[in-house]
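Student: So I've got this file, final_19.txt, and it contains compact mmCIF, C-alpha atoms:
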```txt
# COMPACT_ATOMS: atom_id res chain seq x y z
CA MET A 1 323.55 195.66 -74.81
CA PRO A 2 320.42 195.54 -72.63
CA ASN A 3 320.06 192.33 -70.68
CA ASP A 4 316.80 191.33 -72.34
CA GLU A 5 318.28 191.78 -75.82
CA ARG A 6 321.35 189.76 -74.84
CA LEU A 7 319.18 186.91 -73.58
CA VAL A 8 317.12 186.85 -76.77
CA ASN A 9 320.28 186.70 -78.86
CA GLU A 10 321.79 183.94 -76.72
CA GLN A 11 318.66 181.85 -77.12
CA HIS A 12 319.29 181.77 -80.86
CA LEU A 13 322.99 180.89 -80.75
CA GLU A 14 323.88 177.75 -82.64
CA PRO A 15 325.39 174.96 -80.52
CA LEU A 16 329.09 174.28 -80.93
CA LYS A 17 329.65 172.09 -83.97
CA ARG A 18 332.31 169.36 -83.95
CA HIS A 19 334.52 168.92 -86.97
CA PRO A 20 335.26 165.28 -87.89
CA GLU A 21 339.00 166.04 -87.84
CA GLY A 22 338.83 167.92 -84.54
CA ARG A 23 339.78 167.05 -80.99
CA ALA A 24 340.76 163.38 -80.63
CA LEU A 25 338.89 162.51 -77.46
CA ARG A 26 335.85 160.29 -77.50
CA ALA A 27 333.57 158.22 -75.32
CA GLU A 28 332.89 154.85 -76.92
CA VAL A 29 329.36 153.81 -75.90
CA ASP A 30 328.20 150.25 -76.52
CA LEU A 31 324.42 150.43 -76.96
CA GLY A 32 324.28 146.64 -77.24
CA ARG A 33 325.61 146.34 -73.71
CA ILE A 34 322.99 148.78 -72.47
CA ALA A 35 320.24 146.75 -74.15
CA ARG A 36 321.61 143.54 -72.63
CA ASN A 37 321.82 145.18 -69.22
CA LEU A 38 318.19 146.22 -69.60
CA GLY A 39 317.21 142.63 -70.30
CA ARG A 40 319.06 141.41 -67.21
CA VAL A 41 317.45 144.04 -65.01
CA ARG A 42 314.06 143.14 -66.44
CA THR A 43 314.67 139.52 -65.47
CA ALA A 44 315.87 140.50 -61.99
CA SER A 45 312.74 142.62 -61.48
CA GLY A 46 310.37 139.82 -62.41
CA GLY A 47 309.28 141.39 -65.69
CA ARG A 48 307.96 144.61 -64.14
CA GLY A 49 307.57 147.66 -66.35
CA ILE A 50 310.76 149.71 -66.54
CA TRP A 51 311.17 153.45 -66.26
CA ALA A 52 314.78 153.69 -67.48
CA VAL A 53 316.59 156.65 -65.94
CA VAL A 54 318.45 158.71 -68.55
CA LYS A 55 318.92 161.95 -66.63
CA ALA A 56 322.27 163.81 -66.69
CA ASN A 57 322.81 162.99 -70.38
CA ALA A 58 322.12 159.30 -69.65
CA TYR A 59 324.74 159.32 -66.90
CA GLY A 60 327.17 160.87 -69.37
CA HIS A 61 326.60 158.25 -72.06
CA GLY A 62 324.48 160.40 -74.42
CA ALA A 63 320.80 160.95 -73.72
CA VAL A 64 319.16 160.70 -77.13
CA PRO A 65 321.08 157.72 -78.63
CA VAL A 66 320.82 155.78 -75.38
CA SER A 67 317.10 156.58 -75.11
CA ARG A 68 316.51 155.40 -78.66
CA ALA A 69 318.23 152.11 -77.89
CA LEU A 70 316.20 151.66 -74.71
CA GLU A 71 312.97 152.56 -76.50
CA GLU A 72 313.72 149.97 -79.18
CA ALA A 73 314.45 147.44 -76.42
CA GLY A 74 310.95 147.89 -75.01
CA VAL A 75 311.18 150.08 -71.91
CA HIS A 76 307.87 151.35 -70.55
CA GLY A 77 309.27 154.87 -70.35
CA LEU A 78 312.26 157.08 -69.66
CA ALA A 79 312.94 159.20 -66.58
CA VAL A 80 314.75 162.54 -66.64
CA SER A 81 315.44 165.23 -64.09
CA SER A 82 314.11 168.40 -65.70
CA LEU A 83 311.81 169.85 -68.33
CA GLU A 84 314.84 170.66 -70.48
CA GLU A 85 315.97 167.06 -70.45
CA GLY A 86 312.48 165.89 -71.38
CA LEU A 87 312.26 168.33 -74.26
CA GLU A 88 315.68 167.18 -75.51
CA LEU A 89 314.33 163.63 -75.84
CA ARG A 90 311.21 164.76 -77.66
CA ARG A 91 313.31 166.85 -80.07
CA GLY A 92 315.41 163.73 -80.60
CA GLY A 93 312.38 161.78 -81.76
CA ILE A 94 311.67 159.79 -78.58
CA GLU A 95 307.98 158.85 -78.44
CA CYS A 96 307.59 156.66 -75.35
CA PRO A 97 306.48 158.10 -71.99
CA VAL A 98 308.97 160.50 -70.39
CA LEU A 99 308.75 161.18 -66.65
CA VAL A 100 310.22 164.41 -65.24
CA LEU A 101 311.43 163.39 -61.79
CA GLY A 102 312.23 166.86 -60.49
CA GLY A 103 308.71 168.26 -60.78
CA LEU A 104 307.68 171.45 -62.53
CA ARG A 105 306.45 174.90 -61.63
CA PRO A 106 302.86 175.45 -62.79
CA GLU A 107 303.90 177.89 -65.51
CA ALA A 108 305.81 175.07 -67.24
CA LEU A 109 302.76 172.80 -67.53
CA PRO A 110 301.69 174.08 -70.98
CA ALA A 111 305.08 173.09 -72.46
CA ALA A 112 304.98 169.72 -70.69
CA SER A 113 301.45 169.07 -71.91
CA ALA A 114 302.30 170.02 -75.49
CA GLU A 115 305.14 167.46 -75.50
CA ASN A 116 303.17 164.76 -73.65
CA LEU A 117 305.52 164.62 -70.66
CA THR A 118 304.64 162.92 -67.38
CA ILE A 119 305.34 164.95 -64.24
CA ALA A 120 306.31 164.00 -60.70
CA VAL A 121 304.47 165.93 -58.00
CA VAL A 122 307.30 166.54 -55.53
CA GLY A 123 305.52 168.50 -52.80
CA PRO A 124 302.26 170.16 -51.74
CA GLU A 125 303.20 173.70 -52.79
CA HIS A 126 301.56 173.76 -56.22
CA LEU A 127 298.63 171.38 -55.83
CA ASP A 128 295.99 174.08 -56.25
CA ASP A 129 297.84 175.58 -59.22
CA TYR A 130 298.02 172.16 -60.85
CA ALA A 131 294.31 171.57 -60.30
CA ARG A 132 293.49 174.85 -62.05
CA ALA A 133 295.89 174.28 -64.95
CA LEU A 134 295.44 170.60 -65.80
CA PRO A 135 291.98 170.81 -67.40
CA ARG A 136 293.50 173.09 -70.04
CA HIS A 137 296.98 171.56 -70.10
CA PRO A 138 296.59 167.89 -69.13
CA VAL A 139 299.60 165.83 -68.07
CA ARG A 140 299.92 162.51 -66.28
CA LEU A 141 301.13 162.80 -62.69
CA HIS A 142 303.18 160.58 -60.40
CA LEU A 143 303.01 161.43 -56.70
CA LYS A 144 306.44 161.49 -55.10
CA LEU A 145 306.24 160.19 -51.51
CA ASP A 146 309.03 160.94 -49.05
CA THR A 147 309.51 157.60 -47.35
CA GLY A 148 312.89 158.44 -45.84
CA MET A 149 315.11 160.06 -48.47
CA GLY A 150 314.38 163.49 -47.00
CA ARG A 151 314.52 165.47 -50.24
CA PHE A 152 311.46 165.78 -52.48
CA GLY A 153 308.09 164.18 -51.92
CA LEU A 154 304.99 164.48 -49.79
CA LEU A 155 305.48 163.30 -46.24
CA PRO A 156 302.99 160.75 -44.91
CA SER A 157 301.63 163.42 -42.56
CA GLU A 158 300.95 165.71 -45.53
CA LEU A 159 298.73 163.22 -47.36
CA GLY A 160 295.83 163.68 -44.95
CA GLU A 161 296.33 167.42 -44.75
CA HIS A 162 296.15 167.78 -48.54
CA LEU A 163 293.75 164.93 -49.35
CA LEU A 164 291.06 167.18 -50.84
CA GLN A 165 293.59 168.80 -53.17
CA LEU A 166 294.93 165.39 -54.18
CA GLN A 167 291.41 164.14 -54.86
CA ARG A 168 290.93 167.04 -57.29
CA LEU A 169 294.01 165.81 -59.13
CA ALA A 170 292.94 162.16 -59.09
CA PRO A 171 291.88 162.05 -62.79
CA TRP A 172 295.49 162.80 -63.76
CA ILE A 173 297.32 160.75 -61.13
CA GLU A 174 298.83 157.75 -62.89
CA GLY A 175 301.52 156.69 -60.45
CA ALA A 176 303.04 156.89 -56.98
CA MET A 177 306.77 156.68 -56.36
CA GLY A 178 309.40 156.75 -53.63
CA HIS A 179 313.17 156.53 -53.48
CA PHE A 180 315.42 154.25 -51.44
CA ALA A 181 318.20 155.85 -49.45
CA THR A 182 320.07 152.64 -48.56
CA ALA A 183 319.21 149.95 -51.12
CA ASP A 184 322.93 149.15 -51.42
CA ASP A 185 323.46 148.79 -47.67
CA PRO A 186 324.17 145.23 -46.46
CA ASP A 187 321.78 145.96 -43.58
CA PRO A 188 318.29 146.06 -45.15
CA GLY A 189 316.62 147.49 -42.06
CA PHE A 190 316.11 151.08 -43.17
CA ALA A 191 315.09 150.06 -46.69
CA GLN A 192 312.47 147.75 -45.20
CA ARG A 193 311.16 150.62 -43.10
CA GLN A 194 310.94 152.78 -46.22
CA ARG A 195 308.99 150.03 -47.97
CA GLY A 196 306.59 149.92 -45.02
CA VAL A 197 306.07 153.68 -45.17
CA PHE A 198 305.40 153.47 -48.90
CA ASP A 199 302.80 150.74 -48.42
CA ALA A 200 301.13 152.75 -45.65
CA CYS A 201 300.99 155.83 -47.89
CA LEU A 202 299.41 153.82 -50.69
CA ALA A 203 296.79 152.50 -48.27
CA GLN A 204 296.08 156.02 -47.06
CA LEU A 205 295.63 157.22 -50.62
CA ALA A 206 293.35 154.28 -51.41
CA ASP A 207 291.17 155.14 -48.40
CA GLY A 208 290.77 158.55 -49.98
CA GLY A 209 289.78 157.07 -53.33
CA ILE A 210 293.16 157.57 -55.01
CA ARG A 211 294.58 154.34 -56.41
CA PRO A 212 297.56 154.95 -58.73
CA GLU A 213 297.86 152.17 -61.28
CA GLN A 214 301.65 152.43 -61.27
CA ARG A 215 303.80 152.05 -58.17
CA HIS A 216 307.59 152.30 -58.25
CA HIS A 217 309.98 152.60 -55.34
CA GLY A 218 312.71 150.25 -56.58
CA ASN A 219 315.92 151.60 -58.06
CA SER A 220 318.78 149.59 -59.59
CA ASP A 221 320.09 148.14 -56.36
CA ALA A 222 316.59 147.28 -55.15
CA CYS A 223 316.05 145.33 -58.39
CA LEU A 224 319.30 143.43 -57.92
CA ARG A 225 318.53 142.63 -54.29
CA GLY A 226 314.85 141.71 -54.75
CA MET A 227 313.44 144.58 -52.67
CA LEU A 228 310.44 145.38 -54.86
CA GLY A 229 307.38 144.62 -52.74
CA GLN A 230 304.14 145.56 -54.48
CA ASP A 231 305.83 147.72 -57.13
CA THR A 232 304.32 147.43 -60.58
CA HIS A 233 307.28 149.21 -62.19
CA VAL A 234 310.95 149.76 -61.41
CA ARG A 235 313.23 152.72 -61.99
CA PRO A 236 316.78 151.54 -62.74
CA GLY A 237 319.55 153.89 -63.75
CA LEU A 238 323.11 152.91 -62.96
CA ALA A 239 322.53 149.19 -63.58
CA LEU A 240 321.61 149.93 -67.20
CA TYR A 241 325.09 151.34 -67.72
CA GLY A 242 326.79 148.49 -65.85
CA LEU A 243 327.92 150.83 -63.07
CA THR A 244 326.52 149.15 -59.97
CA MET A 245 329.11 148.20 -57.36
CA LEU A 246 327.00 145.43 -55.85
CA ALA A 247 328.22 141.86 -56.15
CA GLU A 248 324.73 140.97 -57.36
CA GLY A 249 325.31 143.16 -60.42
CA ARG A 250 328.47 141.33 -61.35
CA ALA A 251 326.73 137.99 -60.78
CA LEU A 252 323.90 139.08 -63.07
CA GLY A 253 326.41 139.84 -65.82
CA LEU A 254 325.95 143.61 -66.02
CA GLU A 255 328.52 145.15 -68.37
CA PRO A 256 330.01 148.65 -68.28
CA ALA A 257 328.91 150.36 -71.47
CA LEU A 258 331.43 153.20 -71.79
CA GLU A 259 335.11 153.56 -72.53
CA LEU A 260 336.94 156.89 -72.67
CA VAL A 261 339.62 156.99 -75.36
CA ALA A 262 342.12 159.74 -76.19
CA GLU A 263 344.59 159.79 -79.05
CA VAL A 264 348.20 160.77 -78.47
CA ALA A 265 348.59 164.44 -79.39
CA ARG A 266 352.32 164.70 -78.77
CA VAL A 267 355.11 162.32 -77.78
CA LYS A 268 358.63 163.21 -76.75
CA ALA A 269 361.63 161.54 -75.16
CA MET A 270 362.64 163.04 -71.81
CA PRO A 271 365.97 162.73 -69.98
CA ALA A 272 366.16 161.81 -66.31
CA GLY A 273 365.39 164.74 -64.05
CA THR A 274 362.84 166.34 -66.38
CA THR A 275 359.76 167.67 -64.59
CA VAL A 276 356.23 167.49 -65.99
CA GLY A 277 353.18 169.68 -65.49
CA TYR A 278 352.04 172.41 -63.15
CA GLY A 279 353.82 172.41 -59.81
CA ARG A 280 356.51 170.02 -61.13
CA THR A 281 354.89 167.16 -59.20
CA PHE A 282 356.54 164.52 -61.39
CA VAL A 283 360.28 164.18 -61.94
CA ALA A 284 361.45 161.60 -64.47
CA PRO A 285 363.51 159.02 -62.53
CA HIS A 286 365.20 157.84 -65.70
CA PRO A 287 364.92 158.53 -69.46
CA LEU A 288 361.39 157.89 -70.67
CA GLN A 289 358.68 158.98 -73.10
CA ILE A 290 355.93 161.44 -72.23
CA ALA A 291 352.69 161.19 -74.21
CA THR A 292 350.35 164.17 -74.06
CA LEU A 293 346.63 163.46 -74.43
CA ALA A 294 343.97 166.05 -75.14
CA CYS A 295 341.87 165.32 -72.07
CA GLY A 296 341.69 167.35 -68.88
CA TYR A 297 339.48 168.36 -66.01
CA ALA A 298 337.37 170.53 -68.33
CA ASP A 299 336.37 167.26 -69.98
CA GLY A 300 335.43 165.76 -66.63
CA TYR A 301 338.60 163.74 -66.05
CA ARG A 302 339.27 164.36 -62.40
CA ARG A 303 342.21 166.57 -61.50
CA ASP A 304 343.07 164.40 -58.51
CA LEU A 305 343.82 161.44 -60.79
CA GLY A 306 347.21 162.95 -61.58
CA ASN A 307 350.08 160.75 -60.36
CA LYS A 308 347.51 158.10 -59.35
CA ALA A 309 345.69 156.70 -62.39
CA VAL A 310 346.87 154.50 -65.23
CA VAL A 311 345.77 154.31 -68.86
CA GLY A 312 345.64 151.34 -71.20
CA PHE A 313 347.80 151.00 -74.31
CA GLN A 314 348.57 147.87 -76.35
CA GLY A 315 347.42 145.52 -73.63
CA ARG A 316 349.49 147.18 -70.90
CA THR A 317 348.90 150.03 -68.45
CA PHE A 318 351.07 153.10 -67.95
CA PRO A 319 350.91 155.82 -65.29
CA VAL A 320 349.33 159.22 -65.61
CA VAL A 321 352.03 161.57 -64.37
CA GLY A 322 352.00 165.20 -63.32
CA ARG A 323 348.95 167.25 -62.57
CA ILE A 324 345.87 167.02 -64.77
CA SER A 325 345.40 170.39 -66.46
CA MET A 326 342.29 171.89 -67.97
CA ASP A 327 342.68 170.34 -71.42
CA TYR A 328 345.58 167.89 -71.20
CA LEU A 329 347.14 165.06 -69.25
CA THR A 330 350.47 163.30 -69.58
CA VAL A 331 351.45 159.63 -69.51
CA ALA A 332 354.89 158.13 -68.90
CA LEU A 333 356.08 155.15 -70.97
CA PRO A 334 359.43 153.35 -71.34
CA LEU A 335 361.57 154.33 -74.30
CA ASP A 336 361.21 150.88 -75.89
CA VAL A 337 357.42 151.20 -76.29
CA HIS A 338 356.61 152.13 -79.88
CA LEU A 339 354.36 155.19 -79.73
CA ALA A 340 353.12 157.58 -82.41
CA ILE A 341 350.87 160.59 -82.67
CA GLY A 342 347.29 159.42 -83.16
CA ASP A 343 347.68 156.17 -81.20
CA PRO A 344 344.64 155.58 -78.97
CA MET A 345 344.95 155.21 -75.20
CA THR A 346 342.08 154.07 -73.00
CA LEU A 347 341.46 156.27 -69.97
CA TYR A 348 338.30 154.50 -68.75
CA SER A 349 338.13 150.79 -69.54
CA GLY A 350 334.97 148.78 -70.11
CA ASN A 351 336.66 145.79 -68.49
CA PRO A 352 335.57 145.88 -64.83
CA ASP A 353 338.71 144.00 -63.79
CA ALA A 354 341.12 146.48 -65.39
CA ALA A 355 343.18 148.84 -63.25
CA HIS A 356 341.67 151.76 -65.18
CA SER A 357 338.05 150.58 -64.99
CA LEU A 358 335.53 153.10 -63.75
CA GLU A 359 335.04 151.04 -60.60
CA ARG A 360 338.77 150.90 -59.79
CA LEU A 361 339.29 154.60 -60.49
CA ALA A 362 336.24 155.49 -58.40
CA GLN A 363 337.62 153.44 -55.50
CA LEU A 364 340.93 155.24 -55.92
CA LEU A 365 339.14 158.57 -55.56
CA GLY A 366 336.77 157.51 -52.80
CA THR A 367 333.72 158.09 -54.99
CA ILE A 368 331.28 156.18 -57.22
CA PRO A 369 331.69 155.21 -60.91
CA TYR A 370 328.68 157.17 -62.09
CA GLU A 371 330.08 160.42 -60.72
CA LEU A 372 332.90 159.94 -63.22
CA THR A 373 330.62 159.27 -66.20
CA CYS A 374 328.14 162.02 -65.29
CA ALA A 375 331.04 164.47 -65.23
CA LEU A 376 332.02 163.77 -68.84
CA HIS A 377 331.55 167.03 -70.71
CA ARG A 378 329.37 167.28 -73.78
CA ARG A 379 332.36 168.58 -75.76
CA ILE A 380 333.61 164.99 -75.74
CA THR A 381 332.59 163.20 -78.93
CA ARG A 382 330.34 160.18 -78.25
CA ARG A 383 330.70 157.28 -80.65
CA PHE A 384 327.92 154.70 -80.47
CA THR A 385 328.06 151.05 -81.50
CA PRO A 386 324.90 148.91 -81.73
```
Output the file's structure as structure tokens, nothing else.

Tutor:
Amino acid sequence: MPNDERLVNEQHLEPLKRHPEGRALRAEVDLGRIARNLGRVRTASGGRGIWAVVKANAYGHGAVPVSRALEEAGVHGLAVSSLEEGLELRRGGIECPVLVLGGLRPEALPAASAENLTIAVVGPEHLDDYARALPRHPVRLHLKLDTGMGRFGLLPSELGEHLLQLQRLAPWIEGAMGHFATADDPDPGFAQRQRGVFDACLAQLADGGIRPEQRHHGNSDACLRGMLGQDTHVRPGLALYGLTMLAEGRALGLEPALELVAEVARVKAMPAGTTVGYGRTFVAPHPLQIATLACGYADGYRRDLGNKAVVGFQGRTFPVVGRISMDYLTVALPLDVHLAIGDPMTLYSGNPDAAHSLERLAQLLGTIPYELTCALHRRITRRFTP
């Protein structure tokens, strides 16, 4: 089949449908907790307008349902990474402003304009193209300023160089934004320098007649630590899902909003000396039960959690044993624990003090909790409670 024909056909493939009696693995997402977290962040930010970050499928929690809950809770707007993520929200019925943080090539502006998306300008490369396209395909713009993150954004030195081009875009420039690199660092020195660079950039733009009505440099940790300066809006992400590791987040009462639950697919009694899984990395030290759960690294459950993590069952925790495989993991339990096919086990707990909380598991792996939630595959069923 010619490549162009194959691509056309693939564009019209139906997405994989889940059967209600299918794979027994689900992420339980508490939308009420997300709404309460939003209220706490709003308080911490002094009532500033909130651009709630829902990129990466709302950090793995489910973009459209989470966005609906946030929209109902009164966010100013929602922030995503790409055009595709913005279009997903519009197709899901989201009507509030949606900001595409990753910028767009000029050829994508007609689609963004048709869906009333707001676009971050992440560099000087397409300023002329934008100026030519916006009269026909208007979109609101937020200038991304590189104050020290070193990724996207116009450098302070580039503002003067491209001032005339920016002035042509002034009718569409709604906001200016930056991004902290070290808002969670106990030493606030670099963050304070970034804030100073941001303020200097805003002054430079104002001298050129460009005065964005919205200014947002503060992320979740900046909100929690009061590092908001002259921001009119804030841009929290991880705090909304209760995933911040700052003590200030715990003090504010932020609640993890996701639990990962798998039902027992098979249970069997094993004699001492039995080995489990690829590589035979677990040998039963005594007779025990092995429960097999339909969750593996293809679902986003990290392979290196094998022989390290625990899962929750009936108020107790039991070890994950053997290597995590693509679709399955195994748990060891004593023979006197009553266990049946279909029993639910909690892999990620919403209790931050639990041994299988996202925070504890992230510490075990030397990573961050939101890497674990962002990795959760879309084939996992999401179940939402209000």

Student: Using all atoms listed in the file, which protein or nucleic acid residues come within 12 Å of Val64 in chain A? Drop anything in the same chain fewer than 4 positions from it, and give the result as a PyMOL selection string.

Tutor: chain A and resi 31+54-60+68-71+78+80+85-95+382+384

Student: Neighbours of range 172-182 of chain A within 6 Å (all atoms listed in the file; same-chain residues fewer than 4 positions away dropped), as number ranges by chain?

Tutor: A: 140-145, 149, 191, 212-217

Student: Store the residues of this selection in a file with C-alpha atoms, as a short mmCIF file (atom, residue, chain, number, x, y, z; two decimals), in the frame of the given file.

Tutor:
```cif
data_model
loop_
_atom_site.label_atom_id
_atom_site.label_comp_id
_atom_site.auth_asym_id
_atom_site.auth_seq_id
_atom_site.Cartn_x
_atom_site.Cartn_y
_atom_site.Cartn_z
CA ARG A 140 299.92 162.51 -66.28
CA LEU A 141 301.13 162.80 -62.69
CA HIS A 142 303.18 160.58 -60.40
CA LEU A 143 303.01 161.43 -56.70
CA LYS A 144 306.44 161.49 -55.10
CA LEU A 145 306.24 160.19 -51.51
CA MET A 149 315.11 160.06 -48.47
CA ALA A 191 315.09 150.06 -46.69
CA PRO A 212 297.56 154.95 -58.73
CA GLU A 213 297.86 152.17 -61.28
CA GLN A 214 301.65 152.43 -61.27
CA ARG A 215 303.80 152.05 -58.17
CA HIS A 216 307.59 152.30 -58.25
CA HIS A 217 309.98 152.60 -55.34
#
```

Student: Using all atoms listed in the file, which of the listed residues (A:Pro124, A:Gly160, A:Gly226, A:Gly249) sits closest to Pro188 in chain A?

Tutor: A:Gly226

Student: When you count all atoms listed in the file, which of these residues is closest to Gln230 in chain A: A:Thr381, A:Gly46, A:Ser67, A:Leu293?

Tutor: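 Smallest separation from Gln230 in chain A among the options: A:Gly46.
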
Student: Just the number, please: distance in Å from CA of Pro344 in chain A to CA of Cys374 in chain A, one decimal.

Tutor: 22.4 Å

Student: To one decimal place, how far is CA of Val197 in chain A from CA of Val53 in chain A in Å?

Tutor: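 Answer for the CA of Val197 in chain A to CA of Val53 in chain A separation: 23.5 Å.
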
Student: List every protein, DNA or RNA residue with an atom no more than 12 Å from (316.6, 148.9, -74.2) in the file's coordinates, counting all atoms listed in the file, and format the result as a PyMOL selection string.

Tutor: chain A and resi 30-42+50-54+65-78+96+236-237+240-241+386

Student: Show which residues sit within 12 Å of Gly315 in chain A, as a list in words. Count only C-alpha atoms, and ignore same-chain residues fewer than 3 positions away.

Tutor: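 In the requested form, the answer reads Val311, Gly312, Phe318, Val337, Pro344, Met345, Thr346, Ser349, Asn351, Ala354, Ala355 and His356 of chain A.
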
Student: Show me, as a list in words, the residues that have an atom within 9 Å of Leu339 in chain A when counting all atoms listed in the file, minus same-chain residues fewer than 2 positions from it.

Tutor: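 The filter keeps Val264, Val267, Gln289, Ala291, Leu333, Asp336, Val337, Ile341, Gly342 and Asp343 of chain A.
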
Student: If you count all atoms listed in the file, which residues fall within 9 Å of Leu376 in chain A, apart from same-chain ones fewer than 6 positions away, as a list in words?

Tutor: Ala27, Tyr59, Gly60, His61, Ala298, Asp299, Gly300 and Tyr301 of chain A

Student: Pick from A:Leu117, A:Thr232, A:Asn219, A:Arg193: nearest to Val139 in chain A, with all atoms listed in the file counted?

Tutor: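 Of A:Leu117, A:Thr232, A:Asn219, A:Arg193, the one nearest Val139 in chain A is A:Leu117, counting all atoms listed in the file.
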
Student: Take CA of Leu258 in chain A and CA of Cys223 in chain A and report the distance between them in Å, one decimal.

Tutor: 21.9 Å

Student: Work out where the centre of an axis-aligned box around every listed atom of range 285-298 of chain A lies and how long its edges are once 5 Å is added on each side; give both in Å to one decimal as AutoDock Vina command-line options.

Tutor:
```
--center_x 351.3 --center_y 164.2 --center_z -68.8 --size_x 37.8 --size_y 22.7 --size_z 22.6
```

Student: Is there a way to complete range 91-104 of chain A with N, CA and C atoms and then write that out as a compact mmCIF listing (two decimals), in the coordinates of the input?

Tutor:
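The result, stored in selection.txt:
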```
# COMPACT_ATOMS: atom_id res chain seq x y z
N ARG A 91 312.68 166.30 -78.85
CA ARG A 91 313.31 166.85 -80.07
C ARG A 91 314.14 165.79 -80.78
N GLY A 92 314.64 164.82 -80.01
CA GLY A 92 315.41 163.73 -80.60
C GLY A 92 314.57 162.61 -81.16
N GLY A 93 313.25 162.76 -81.15
CA GLY A 93 312.38 161.78 -81.76
C GLY A 93 311.89 160.68 -80.84
N ILE A 94 312.12 160.81 -79.54
CA ILE A 94 311.67 159.79 -78.58
C ILE A 94 310.17 159.94 -78.38
N GLU A 95 309.45 158.82 -78.50
CA GLU A 95 307.98 158.85 -78.44
C GLU A 95 307.40 158.19 -77.20
N CYS A 96 308.15 157.37 -76.50
CA CYS A 96 307.59 156.66 -75.35
C CYS A 96 307.38 157.63 -74.19
N PRO A 97 306.68 157.21 -73.13
CA PRO A 97 306.48 158.10 -71.99
C PRO A 97 307.79 158.61 -71.42
N VAL A 98 307.79 159.88 -71.01
CA VAL A 98 308.97 160.50 -70.39
C VAL A 98 308.51 161.14 -69.08
N LEU A 99 309.11 160.71 -67.99
CA LEU A 99 308.75 161.18 -66.65
C LEU A 99 309.79 162.17 -66.15
N VAL A 100 309.34 163.38 -65.78
CA VAL A 100 310.22 164.41 -65.24
C VAL A 100 310.25 164.26 -63.72
N LEU A 101 311.35 163.75 -63.20
CA LEU A 101 311.43 163.39 -61.79
C LEU A 101 311.49 164.60 -60.86
N GLY A 102 312.02 165.71 -61.36
CA GLY A 102 312.23 166.86 -60.49
C GLY A 102 311.03 167.76 -60.32
N GLY A 103 309.89 167.41 -60.89
CA GLY A 103 308.71 168.26 -60.78
C GLY A 103 308.82 169.49 -61.65
N LEU A 104 307.72 170.25 -61.72
CA LEU A 104 307.68 171.45 -62.53
C LEU A 104 306.90 172.54 -61.82
```
